[in-house]
file data-v3.cif (mmCIF, C-alpha atoms and all ligand atoms)
data_model
#
loop_
_atom_site.group_PDB
_atom_site.id
_atom_site.type_symbol
_atom_site.label_atom_id
_atom_site.label_comp_id
_atom_site.auth_asym_id
_atom_site.auth_seq_id
_atom_site.Cartn_x
_atom_site.Cartn_y
_atom_site.Cartn_z
ATOM 1 C CA MET P 1 71.129 50.531 28.385
ATOM 2 C CA THR P 2 69.516 47.091 28.281
ATOM 3 C CA GLU P 3 68.067 45.951 24.976
ATOM 4 C CA PRO P 4 64.247 46.179 24.828
ATOM 5 C CA LEU P 5 62.291 43.013 24.059
ATOM 6 C CA LEU P 6 61.241 44.401 20.678
ATOM 7 C CA ARG P 7 62.970 47.166 18.784
ATOM 8 C CA LEU P 8 62.039 48.600 15.405
ATOM 9 C CA ASP P 9 64.531 51.034 13.983
ATOM 10 C CA ASP P 10 63.720 53.060 10.867
ATOM 11 C CA VAL P 11 61.626 50.271 9.345
ATOM 12 C CA ARG P 12 60.546 50.930 5.786
ATOM 13 C CA ALA P 13 58.263 48.707 3.729
ATOM 14 C CA THR P 14 58.210 49.542 0.065
ATOM 15 C CA LEU P 15 55.989 47.978 -2.509
ATOM 16 C CA ARG P 16 57.453 47.509 -5.942
ATOM 17 C CA LEU P 17 54.920 48.544 -8.511
ATOM 18 C CA ARG P 18 55.133 48.463 -12.285
ATOM 19 C CA GLY P 19 55.284 52.265 -12.471
ATOM 20 C CA GLY P 20 57.651 52.752 -9.498
ATOM 21 C CA GLU P 21 57.565 52.267 -5.752
ATOM 22 C CA GLN P 22 55.172 53.034 -2.915
ATOM 23 C CA THR P 23 56.480 53.349 0.630
ATOM 24 C CA LEU P 24 53.782 52.160 3.043
ATOM 25 C CA LEU P 25 55.888 52.021 6.224
ATOM 26 C CA ASP P 26 58.023 55.093 6.284
ATOM 27 C CA GLY P 27 60.732 54.949 8.943
ATOM 28 C CA VAL P 28 58.885 53.305 11.835
ATOM 29 C CA SER P 29 60.878 53.234 15.080
ATOM 30 C CA LEU P 30 59.525 51.923 18.370
ATOM 31 C CA THR P 31 60.501 49.822 21.344
ATOM 32 C CA ILE P 32 58.594 47.572 23.742
ATOM 33 C CA GLY P 33 60.244 46.465 26.947
ATOM 34 C CA GLU P 34 59.652 43.128 28.707
ATOM 35 C CA GLY P 35 56.178 43.265 30.301
ATOM 36 C CA GLU P 36 55.379 46.653 28.775
ATOM 37 C CA SER P 37 52.358 47.558 26.657
ATOM 38 C CA LEU P 38 52.358 49.916 23.682
ATOM 39 C CA GLY P 39 49.177 51.086 21.966
ATOM 40 C CA LEU P 40 49.662 51.701 18.244
ATOM 41 C CA VAL P 41 46.866 54.010 17.197
ATOM 42 C CA GLY P 42 45.819 55.470 13.869
ATOM 43 C CA GLU P 43 43.027 55.651 11.371
ATOM 44 C CA SER P 44 42.296 52.963 8.809
ATOM 45 C CA GLY P 45 45.104 52.574 6.282
ATOM 46 C CA SER P 46 47.758 54.280 8.425
ATOM 47 C CA GLY P 47 49.966 51.163 8.466
ATOM 48 C CA LYS P 48 49.206 49.529 11.824
ATOM 49 C CA SER P 49 48.609 46.025 10.471
ATOM 50 C CA LEU P 50 51.568 46.303 8.116
ATOM 51 C CA THR P 51 53.701 47.056 11.173
ATOM 52 C CA THR P 52 52.559 43.857 12.915
ATOM 53 C CA ARG P 53 53.135 41.880 9.747
ATOM 54 C CA ALA P 54 56.626 43.365 9.443
ATOM 55 C CA ILE P 55 57.344 42.363 13.076
ATOM 56 C CA THR P 56 56.451 38.734 12.302
ATOM 57 C CA ARG P 57 57.998 38.869 8.831
ATOM 58 C CA MET P 58 54.646 38.057 7.323
ATOM 59 C CA LEU P 59 54.479 40.874 4.802
ATOM 60 C CA ASP P 60 53.674 39.972 1.231
ATOM 61 C CA PRO P 61 56.945 39.058 -0.587
ATOM 62 C CA ALA P 62 56.292 41.988 -2.961
ATOM 63 C CA PHE P 63 57.397 44.320 -0.117
ATOM 64 C CA ARG P 64 61.020 45.288 0.350
ATOM 65 C CA VAL P 65 61.675 45.763 4.053
ATOM 66 C CA THR P 66 64.670 47.726 5.345
ATOM 67 C CA GLY P 67 65.736 48.947 8.762
ATOM 68 C CA GLU P 68 66.122 46.846 11.869
ATOM 69 C CA ILE P 69 63.603 44.655 13.678
ATOM 70 C CA ALA P 70 65.159 43.054 16.736
ATOM 71 C CA PHE P 71 63.516 40.659 19.186
ATOM 72 C CA ASP P 72 65.529 40.174 22.367
ATOM 73 C CA GLY P 73 68.556 41.398 20.442
ATOM 74 C CA ALA P 74 68.140 38.985 17.501
ATOM 75 C CA SER P 75 67.549 40.438 14.054
ATOM 76 C CA VAL P 76 64.172 39.201 12.809
ATOM 77 C CA LEU P 77 64.969 40.161 9.210
ATOM 78 C CA SER P 78 67.975 37.845 9.155
ATOM 79 C CA MET P 79 66.500 34.843 11.016
ATOM 80 C CA ASN P 80 66.829 31.523 9.183
ATOM 81 C CA PRO P 81 63.617 29.512 8.593
ATOM 82 C CA ALA P 82 63.986 27.435 11.787
ATOM 83 C CA ALA P 83 64.643 30.489 13.982
ATOM 84 C CA LEU P 84 61.758 32.342 12.329
ATOM 85 C CA ARG P 85 59.385 29.403 12.999
ATOM 86 C CA ARG P 86 60.442 29.313 16.604
ATOM 87 C CA TYR P 87 60.084 33.089 16.974
ATOM 88 C CA ARG P 88 56.581 33.052 15.482
ATOM 89 C CA SER P 89 55.344 30.072 17.445
ATOM 90 C CA ARG P 90 57.053 30.570 20.803
ATOM 91 C CA ASP P 91 58.084 34.178 21.290
ATOM 92 C CA VAL P 92 55.154 36.014 19.753
ATOM 93 C CA GLY P 93 51.426 35.349 20.119
ATOM 94 C CA MET P 94 48.903 36.934 17.791
ATOM 95 C CA ILE P 95 45.290 37.881 18.382
ATOM 96 C CA PHE P 96 43.289 39.228 15.463
ATOM 97 C CA GLN P 97 40.105 41.193 14.914
ATOM 98 C CA ASP P 98 38.062 38.288 13.595
ATOM 99 C CA PRO P 99 38.723 35.076 15.541
ATOM 100 C CA ARG P 100 36.536 33.068 13.119
ATOM 101 C CA ALA P 101 38.964 33.753 10.290
ATOM 102 C CA HIS P 102 41.742 32.103 12.298
ATOM 103 C CA VAL P 103 40.152 28.828 13.378
ATOM 104 C CA ASN P 104 39.381 25.781 11.320
ATOM 105 C CA PRO P 105 35.562 25.595 11.389
ATOM 106 C CA VAL P 106 35.557 21.779 11.238
ATOM 107 C CA HIS P 107 37.992 21.334 14.140
ATOM 108 C CA ARG P 108 36.735 21.262 17.707
ATOM 109 C CA VAL P 109 37.858 24.002 20.102
ATOM 110 C CA GLY P 110 39.897 21.399 22.025
ATOM 111 C CA ASP P 111 41.848 20.370 18.916
ATOM 112 C CA PHE P 112 42.525 24.009 18.091
ATOM 113 C CA LEU P 113 43.848 24.667 21.594
ATOM 114 C CA THR P 114 45.973 21.549 21.998
ATOM 115 C CA GLU P 115 47.220 20.948 18.439
ATOM 116 C CA SER P 116 50.464 22.904 18.569
ATOM 117 C CA LEU P 117 51.322 21.802 22.131
ATOM 118 C CA VAL P 118 51.019 18.163 21.065
ATOM 119 C CA ARG P 119 52.561 18.492 17.607
ATOM 120 C CA ASP P 120 55.314 21.074 18.141
ATOM 121 C CA ARG P 121 56.186 20.669 21.799
ATOM 122 C CA GLY P 122 55.631 16.976 22.333
ATOM 123 C CA VAL P 123 53.141 17.508 25.172
ATOM 124 C CA ASP P 124 50.975 14.477 25.902
ATOM 125 C CA ARG P 125 47.382 15.009 24.634
ATOM 126 C CA ARG P 126 45.768 14.567 28.052
ATOM 127 C CA GLU P 127 48.213 16.995 29.619
ATOM 128 C CA ALA P 128 47.569 19.498 26.785
ATOM 129 C CA GLU P 129 43.820 19.201 27.414
ATOM 130 C CA ARG P 130 44.338 19.714 31.122
ATOM 131 C CA ARG P 131 46.332 22.899 30.445
ATOM 132 C CA ALA P 132 43.669 24.095 27.981
ATOM 133 C CA VAL P 133 40.921 23.597 30.591
ATOM 134 C CA VAL P 134 42.902 25.549 33.211
ATOM 135 C CA LEU P 135 43.479 28.411 30.783
ATOM 136 C CA LEU P 136 39.897 28.542 29.535
ATOM 137 C CA ASP P 137 38.842 28.810 33.145
ATOM 138 C CA GLU P 138 41.372 31.606 33.750
ATOM 139 C CA VAL P 139 40.055 33.645 30.816
ATOM 140 C CA GLY P 140 36.509 33.329 32.150
ATOM 141 C CA VAL P 141 35.099 30.534 29.951
ATOM 142 C CA ARG P 142 32.566 28.581 31.965
ATOM 143 C CA ASN P 143 32.268 24.782 31.590
ATOM 144 C CA PRO P 144 35.668 24.559 29.887
ATOM 145 C CA GLU P 145 35.589 20.738 29.486
ATOM 146 C CA GLN P 146 32.368 21.008 27.530
ATOM 147 C CA ARG P 147 33.738 23.889 25.390
ATOM 148 C CA LEU P 148 36.642 21.700 24.274
ATOM 149 C CA ARG P 149 34.163 19.405 22.530
ATOM 150 C CA GLN P 150 32.323 22.209 20.713
ATOM 151 C CA TYR P 151 32.899 23.644 17.236
ATOM 152 C CA PRO P 152 33.743 27.344 16.690
ATOM 153 C CA HIS P 153 30.297 28.148 15.216
ATOM 154 C CA GLU P 154 28.707 27.096 18.531
ATOM 155 C CA LEU P 155 30.516 29.912 20.390
ATOM 156 C CA SER P 156 29.719 33.638 20.387
ATOM 157 C CA GLY P 157 32.325 36.082 19.046
ATOM 158 C CA GLY P 158 33.302 37.170 22.552
ATOM 159 C CA LEU P 159 33.683 33.594 23.752
ATOM 160 C CA LEU P 160 35.719 32.648 20.708
ATOM 161 C CA GLN P 161 38.005 35.638 21.277
ATOM 162 C CA ARG P 162 38.577 34.350 24.842
ATOM 163 C CA VAL P 163 39.494 30.977 23.325
ATOM 164 C CA MET P 164 41.988 32.855 21.126
ATOM 165 C CA ILE P 165 43.486 34.548 24.175
ATOM 166 C CA ALA P 166 43.726 31.164 25.921
ATOM 167 C CA SER P 167 45.441 29.663 22.876
ATOM 168 C CA VAL P 168 48.016 32.472 22.823
ATOM 169 C CA LEU P 169 48.660 32.124 26.572
ATOM 170 C CA LEU P 170 49.073 28.343 26.221
ATOM 171 C CA ALA P 171 52.053 28.967 23.950
ATOM 172 C CA GLU P 172 53.669 31.080 26.726
ATOM 173 C CA PRO P 173 54.937 33.855 24.418
ATOM 174 C CA ARG P 174 56.865 36.920 25.643
ATOM 175 C CA LEU P 175 55.070 39.361 23.359
ATOM 176 C CA ILE P 176 51.432 39.526 22.305
ATOM 177 C CA LEU P 177 50.469 41.302 19.100
ATOM 178 C CA ALA P 178 46.771 42.146 19.309
ATOM 179 C CA ASP P 179 45.388 43.682 16.109
ATOM 180 C CA GLU P 180 41.999 45.294 16.843
ATOM 181 C CA PRO P 181 41.065 42.302 19.066
ATOM 182 C CA THR P 182 37.732 43.757 20.142
ATOM 183 C CA THR P 183 36.574 45.728 17.082
ATOM 184 C CA ALA P 184 34.311 42.982 15.742
ATOM 185 C CA LEU P 185 32.579 42.434 19.113
ATOM 186 C CA ASP P 186 29.579 44.111 20.708
ATOM 187 C CA VAL P 187 30.253 46.740 23.373
ATOM 188 C CA THR P 188 29.873 44.470 26.428
ATOM 189 C CA ALA P 189 32.014 41.724 24.928
ATOM 190 C CA GLN P 190 34.597 44.366 23.939
ATOM 191 C CA SER P 191 35.242 45.532 27.472
ATOM 192 C CA ASP P 192 35.134 41.977 28.880
ATOM 193 C CA VAL P 193 37.669 40.684 26.370
ATOM 194 C CA MET P 194 39.974 43.672 26.835
ATOM 195 C CA ALA P 195 39.818 43.330 30.623
ATOM 196 C CA ILE P 196 40.674 39.600 30.437
ATOM 197 C CA LEU P 197 43.545 40.213 28.052
ATOM 198 C CA GLU P 198 44.978 42.952 30.263
ATOM 199 C CA GLU P 199 44.528 40.967 33.495
ATOM 200 C CA GLN P 200 46.219 37.865 32.100
ATOM 201 C CA ARG P 201 48.978 39.810 30.365
ATOM 202 C CA ARG P 202 49.881 41.723 33.508
ATOM 203 C CA ALA P 203 49.719 38.621 35.722
ATOM 204 C CA ARG P 204 52.200 36.872 33.424
ATOM 205 C CA GLY P 205 54.405 39.929 32.770
ATOM 206 C CA LEU P 206 53.928 39.703 28.999
ATOM 207 C CA ALA P 207 54.604 42.555 26.620
ATOM 208 C CA LEU P 208 51.808 43.772 24.351
ATOM 209 C CA LEU P 209 51.523 45.668 21.110
ATOM 210 C CA PHE P 210 47.893 46.702 20.983
ATOM 211 C CA ILE P 211 46.702 47.902 17.579
ATOM 212 C CA THR P 212 43.575 50.013 17.547
ATOM 213 C CA HIS P 213 41.923 53.035 15.966
ATOM 214 C CA ASP P 214 40.557 53.908 19.445
ATOM 215 C CA LEU P 215 42.953 56.297 21.163
ATOM 216 C CA GLU P 216 40.899 56.403 24.333
ATOM 217 C CA LEU P 217 40.847 52.612 24.725
ATOM 218 C CA ALA P 218 44.592 52.382 24.046
ATOM 219 C CA ALA P 219 45.265 55.133 26.600
ATOM 220 C CA ALA P 220 43.178 53.286 29.178
ATOM 221 C CA CYS P 221 45.106 50.039 28.960
ATOM 222 C CA CYS P 222 48.597 50.765 27.644
ATOM 223 C CA ASP P 223 51.747 52.090 29.289
ATOM 224 C CA ARG P 224 52.656 54.127 26.214
ATOM 225 C CA LEU P 225 51.038 55.208 22.958
ATOM 226 C CA ALA P 226 52.375 55.606 19.427
ATOM 227 C CA VAL P 227 50.238 57.483 16.914
ATOM 228 C CA MET P 228 50.517 56.521 13.265
ATOM 229 C CA TYR P 229 49.642 58.451 10.140
ATOM 230 C CA ALA P 230 50.495 57.565 6.530
ATOM 231 C CA GLY P 231 53.013 54.889 7.490
ATOM 232 C CA GLN P 232 54.845 57.076 10.004
ATOM 233 C CA ILE P 233 54.754 57.354 13.783
ATOM 234 C CA VAL P 234 53.957 61.012 14.289
ATOM 235 C CA GLU P 235 54.366 60.973 18.076
ATOM 236 C CA GLN P 236 54.837 58.493 20.899
ATOM 237 C CA GLY P 237 55.275 58.484 24.630
ATOM 238 C CA GLU P 238 53.637 58.079 28.020
ATOM 239 C CA HIS P 239 51.638 61.304 27.937
ATOM 240 C CA VAL P 240 50.299 61.377 24.387
ATOM 241 C CA TYR P 241 46.692 61.183 25.550
ATOM 242 C CA GLU P 242 46.914 63.805 28.309
ATOM 243 C CA ALA P 243 49.244 66.128 26.431
ATOM 244 C CA PRO P 244 49.222 65.478 22.675
ATOM 245 C CA SER P 245 51.695 67.573 20.724
ATOM 246 C CA HIS P 246 51.205 66.580 17.077
ATOM 247 C CA PRO P 247 48.353 68.282 15.154
ATOM 248 C CA TYR P 248 47.022 64.909 13.968
ATOM 249 C CA THR P 249 46.769 63.527 17.524
ATOM 250 C CA ILE P 250 45.138 66.754 18.697
ATOM 251 C CA GLU P 251 42.533 66.457 15.919
ATOM 252 C CA LEU P 252 41.992 62.746 16.637
ATOM 253 C CA LEU P 253 41.275 63.560 20.283
ATOM 254 C CA GLY P 254 39.060 66.513 19.375
ATOM 255 C CA ALA P 255 37.036 64.355 16.970
ATOM 256 C CA ARG P 256 35.785 62.032 19.701
ATOM 257 C CA PRO P 257 32.011 62.215 19.962
ATOM 258 C CA SER P 258 30.842 63.439 23.381
ATOM 259 C CA ILE P 259 28.101 61.543 25.222
ATOM 260 C CA ASP P 260 26.369 64.855 26.020
ATOM 261 C CA GLU P 261 26.253 65.944 22.410
ATOM 262 C CA ARG P 262 23.891 64.768 19.669
ATOM 263 C CA VAL P 263 26.022 63.696 16.682
ATOM 264 C CA ASP P 264 24.459 63.381 13.213
ATOM 265 C CA ARG P 265 27.714 62.492 11.538
ATOM 266 C CA LEU P 266 31.310 62.028 12.616
ATOM 267 C CA PRO P 267 33.495 65.105 12.160
ATOM 268 C CA VAL P 268 35.831 65.099 9.161
ATOM 269 C CA LEU P 269 39.494 65.470 10.149
ATOM 270 C CA ARG P 270 41.197 68.450 8.543
ATOM 271 C CA TYR P 271 44.649 66.910 8.980
ATOM 272 C CA ASP P 272 45.417 65.413 5.577
ATOM 273 C CA ARG P 273 48.270 64.005 3.501
ATOM 274 C CA ALA P 274 49.239 67.462 2.187
ATOM 275 C CA THR P 275 49.489 68.894 5.727
ATOM 276 C CA HIS P 276 51.464 65.794 6.728
ATOM 277 C CA GLU P 277 53.965 66.207 3.858
ATOM 278 C CA LEU P 278 54.350 69.908 4.683
ATOM 279 C CA LEU P 279 55.076 69.205 8.367
ATOM 280 C CA LYS P 280 57.472 66.422 7.411
ATOM 281 C CA ALA P 281 59.392 68.756 5.075
ATOM 282 C CA GLU P 282 59.503 71.455 7.776
ATOM 283 C CA ALA P 283 60.799 68.979 10.368
ATOM 284 C CA SER P 284 63.623 67.646 8.182
HETATM 285 N N1 LIG P 301 49.587 43.722 0.127
HETATM 286 C C1 LIG P 301 49.342 45.039 -0.058
HETATM 287 N N2 LIG P 301 49.443 45.566 -1.279
HETATM 288 C C2 LIG P 301 49.223 46.873 -1.510
HETATM 289 N N3 LIG P 301 48.877 47.759 -0.538
HETATM 290 C C3 LIG P 301 48.747 47.278 0.691
HETATM 291 C C4 LIG P 301 48.958 45.902 1.001
HETATM 292 N N4 LIG P 301 48.728 45.730 2.321
HETATM 293 C C5 LIG P 301 48.388 46.930 2.809
HETATM 294 N N5 LIG P 301 48.394 47.860 1.837
HETATM 295 C C6 LIG P 301 48.087 49.308 1.996
HETATM 296 O O1 LIG P 301 48.925 49.804 3.033
HETATM 297 C C7 LIG P 301 48.244 50.792 3.787
HETATM 298 C C8 LIG P 301 48.308 50.441 5.253
HETATM 299 O O2 LIG P 301 47.543 49.241 5.475
HETATM 300 P P1 LIG P 301 47.287 48.613 6.926
HETATM 301 O O3 LIG P 301 46.493 47.358 6.718
HETATM 302 O O4 LIG P 301 48.560 48.496 7.655
HETATM 303 O O5 LIG P 301 46.391 49.742 7.585
HETATM 304 P P2 LIG P 301 45.762 49.780 9.060
HETATM 305 O O6 LIG P 301 46.287 51.008 9.705
HETATM 306 O O7 LIG P 301 46.001 48.486 9.751
HETATM 307 O O8 LIG P 301 44.240 49.988 8.747
HETATM 308 P P3 LIG P 301 42.968 49.075 9.148
HETATM 309 O O9 LIG P 301 42.656 49.476 10.552
HETATM 310 O O10 LIG P 301 41.924 49.483 8.176
HETATM 311 O O11 LIG P 301 43.409 47.654 8.999
HETATM 312 C C9 LIG P 301 46.822 50.870 3.235
HETATM 313 O O12 LIG P 301 46.755 51.960 2.342
HETATM 314 C C10 LIG P 301 46.674 49.555 2.505
HETATM 315 O O13 LIG P 301 45.778 49.696 1.418
#
call {"tool": "encode", "arguments": {"input": "data-v3.cif", "output": "structure tokens"}}
result
Amino acid sequence: MTEPLLRLDDVRATLRLRGGEQTLLDGVSLTIGEGESLGLVGESGSGKSLTTRAITRMLDPAFRVTGEIAFDGASVLSMNPAALRRYRSRDVGMIFQDPRAHVNPVHRVGDFLTESLVRDRGVDRREAERRAVVLLDEVGVRNPEQRLRQYPHELSGGLLQRVMIASVLLAEPRLILADEPTTALDVTAQSDVMAILEEQRRARGLALLFITHDLELAAACCDRLAVMYAGQIVEQGEHVYEAPSHPYTIELLGARPSIDERVDRLPVLRYDRATHELLKAEAS
């Protein structure tokens, strides 16, 4: 069998505490093939962001990480600093929930987009600007030349997230990690940004790990889903949405508000940590 682009095998992230240890990623295994998209779904605190940080080796040094994380066959956990820099800047592109937290507010959009091309890849500034204009246009930003001269605060959240997508595409990565990329946006901007990301990703054959709490959205745009609860992947596959088999996924799907129904408050999930531990013990 050919090696997938990304492979996580029994990844555990344990936090050393004064009174003992807390395992926050508990045996996570997943694969993403070249050009494939995986939706990692789960409620707040289930370990989705920790998983992306483990993939890029950006977890807090207080965590002990074991297991295997392999990108194109190379072990991420044993990369030396130069290989790790290259992996983070060339192989993997990251898009986050809040684009404003990831731009320098006093740098113009053009500097943000061209900086690493000029500095790290030796691309001539005018050529970098030309590429940035082409990409802004491709992700649906009108008047791209003018946008290059603006500051982040002059752009709406949706527009700034498109700039983020353009900046990731400029680096020509093989894998995009998108952590709740549309959660902070209004509903119209959410679907626009998701559509652009999907269109561009597919056109370029890039792989995607899409982190979200929204199972329906993940099912709509990803080839496969993985459902996470308490630091574990409870089920994954191509048919998780149509035919869920784990009680947590079934409850998650059942808890979706219906547009025909008046909802005063969101339903409380009955699946809890105790049920999870019980099922885990039964399965082992
Ligand atoms: N540096 C840290 N120190 C201690 N606990 C942490 C740290 N980072 C994350 N955690 C805990 O690990 C668990 C998983 O966090 P994570 O951020 O991965 O959740 P998530 O599924 O991405 O949720 P959200 O959608 O709210 O971001 C949470 O209980 C969180 O409080």
call {"tool": "atom_distance", "arguments": {"input": "data-v3.cif", "atom1": "atom C9 of ligand LIG 301 (chain P)", "atom2": "CA of Lys48 in chain P"}}
result
9.0 Å
call {"tool": "residues_near_point", "arguments": {"input": "data-v3.cif", "point": "(58.0, 35.5, 20.7)", "cutoff": "10 Å", "atoms": "all atoms listed in the file", "output": "ChimeraX atom specification"}}
result
/P:5-6,56,71-72,84-94,171-177,207
call {"tool": "resolve_selection", "arguments": {"input": "data-v3.cif", "expression": "the PyMOL selection byres (((chain P and resi 235) around 12) and not hetatm)", "output": "MDAnalysis selection string"}}
result
chainID P and resid 28:30 39:42 224:229 232:234 236:241 243:250
call {"tool": "closest_atom_pairs", "arguments": {"input": "data-v3.cif", "of": "chain P", "to": "ligand LIG 301 (chain P)", "cutoff": "7 Å", "atoms": "only C-alpha atoms and all ligand atoms", "output": "JSON lines"}}
result
{"residue": "P:Leu15", "atom": "CA", "partner": "P:LIG301", "partner_atom": "C2", "distance": 6.9}
{"residue": "P:Leu24", "atom": "CA", "partner": "P:LIG301", "partner_atom": "O1", "distance": 5.4}
{"residue": "P:Gly42", "atom": "CA", "partner": "P:LIG301", "partner_atom": "O6", "distance": 6.1}
{"residue": "P:Glu43", "atom": "CA", "partner": "P:LIG301", "partner_atom": "O6", "distance": 5.9}
{"residue": "P:Ser44", "atom": "CA", "partner": "P:LIG301", "partner_atom": "O8", "distance": 3.6}
{"residue": "P:Gly45", "atom": "CA", "partner": "P:LIG301", "partner_atom": "O5", "distance": 3.4}
{"residue": "P:Ser46", "atom": "CA", "partner": "P:LIG301", "partner_atom": "O6", "distance": 3.8}
{"residue": "P:Gly47", "atom": "CA", "partner": "P:LIG301", "partner_atom": "O4", "distance": 3.1}
{"residue": "P:Lys48", "atom": "CA", "partner": "P:LIG301", "partner_atom": "O6", "distance": 3.9}
{"residue": "P:Ser49", "atom": "CA", "partner": "P:LIG301", "partner_atom": "O7", "distance": 3.7}
{"residue": "P:Leu50", "atom": "CA", "partner": "P:LIG301", "partner_atom": "O4", "distance": 3.8}
{"residue": "P:Thr51", "atom": "CA", "partner": "P:LIG301", "partner_atom": "O4", "distance": 6.4}
{"residue": "P:Asp60", "atom": "CA", "partner": "P:LIG301", "partner_atom": "N1", "distance": 5.7}
{"residue": "P:His213", "atom": "CA", "partner": "P:LIG301", "partner_atom": "O9", "distance": 6.5}
{"residue": "P:Gly231", "atom": "CA", "partner": "P:LIG301", "partner_atom": "C8", "distance": 6.9}
call {"tool": "resolve_selection", "arguments": {"input": "data-v3.cif", "expression": "the PyMOL selection byres (((chain P and resi 183) around 10) and not hetatm)", "output": "ChimeraX atom specification"}}
result
/P:96-98,179-182,184-187,189-190,212-214
call {"tool": "atom_distance", "arguments": {"input": "data-v3.cif", "atom1": "CA of Thr188 in chain P", "atom2": "CA of Leu208 in chain P"}}
result
22.0 Å
call {"tool": "residues_near_point", "arguments": {"input": "data-v3.cif", "point": "(64.2, 43.2, 19.9)", "cutoff": "8 Å", "atoms": "all atoms listed in the file", "output": "MDAnalysis selection string"}}
result
chainID P and resid 3:8 31 69:75
call {"tool": "atom_distance", "arguments": {"input": "data-v3.cif", "atom1": "CA of Glu216 in chain P", "atom2": "CA of Arg57 in chain P"}}
result
29.0 Å
call {"tool": "axis_aligned_box", "arguments": {"input": "data-v3.cif", "around": "range 81-87 of chain P", "padding_each_side": "4 Å", "output": "lines of an AutoDock Vina configuration file"}}
result
center_x = 62.0
center_y = 30.3
center_z = 12.8
size_x = 13.3
size_y = 13.7
size_z = 16.4
call {"tool": "resolve_selection", "arguments": {"input": "data-v3.cif", "expression": "the PyMOL selection byres (((chain P and resi 160-170) around 7) and not hetatm)", "output": "list in words"}}
result
Gly93, Met94, Ile95, Pro99, Leu113, Leu135, Leu136, Val139, Pro152, Leu155, Ser156, Gly157, Gly158, Leu159, Ala171, Glu172, Pro173, Val193 and Leu197 of chain P
call {"tool": "closest_residue", "arguments": {"input": "data-v3.cif", "among": "P:Leu278, P:Ala178, P:Ala83, P:Ala203", "to": "Glu138 in chain P", "atoms": "all atoms listed in the file"}}
result
P:Ala203
call {"tool": "closest_residue", "arguments": {"input": "data-v3.cif", "among": "P:Arg16, P:Glu199, P:Val76, P:Gly33", "to": "Phe63 in chain P", "atoms": "all atoms listed in the file"}}
result
P:Arg16
call {"tool": "closest_residue", "arguments": {"input": "data-v3.cif", "among": "P:Cys221, P:Val103, P:Leu206, P:Leu117", "to": "Met194 in chain P", "atoms": "only C-alpha atoms"}}
result
P:Cys221
call {"tool": "residues_around", "arguments": {"input": "data-v3.cif", "residues": "Glu145 in chain P", "least_positions_apart": "6", "cutoff": "9 Å", "atoms": "all atoms listed in the file", "output": "ChimeraX atom specification"}}
result
/P:110,129-130,132-133,136
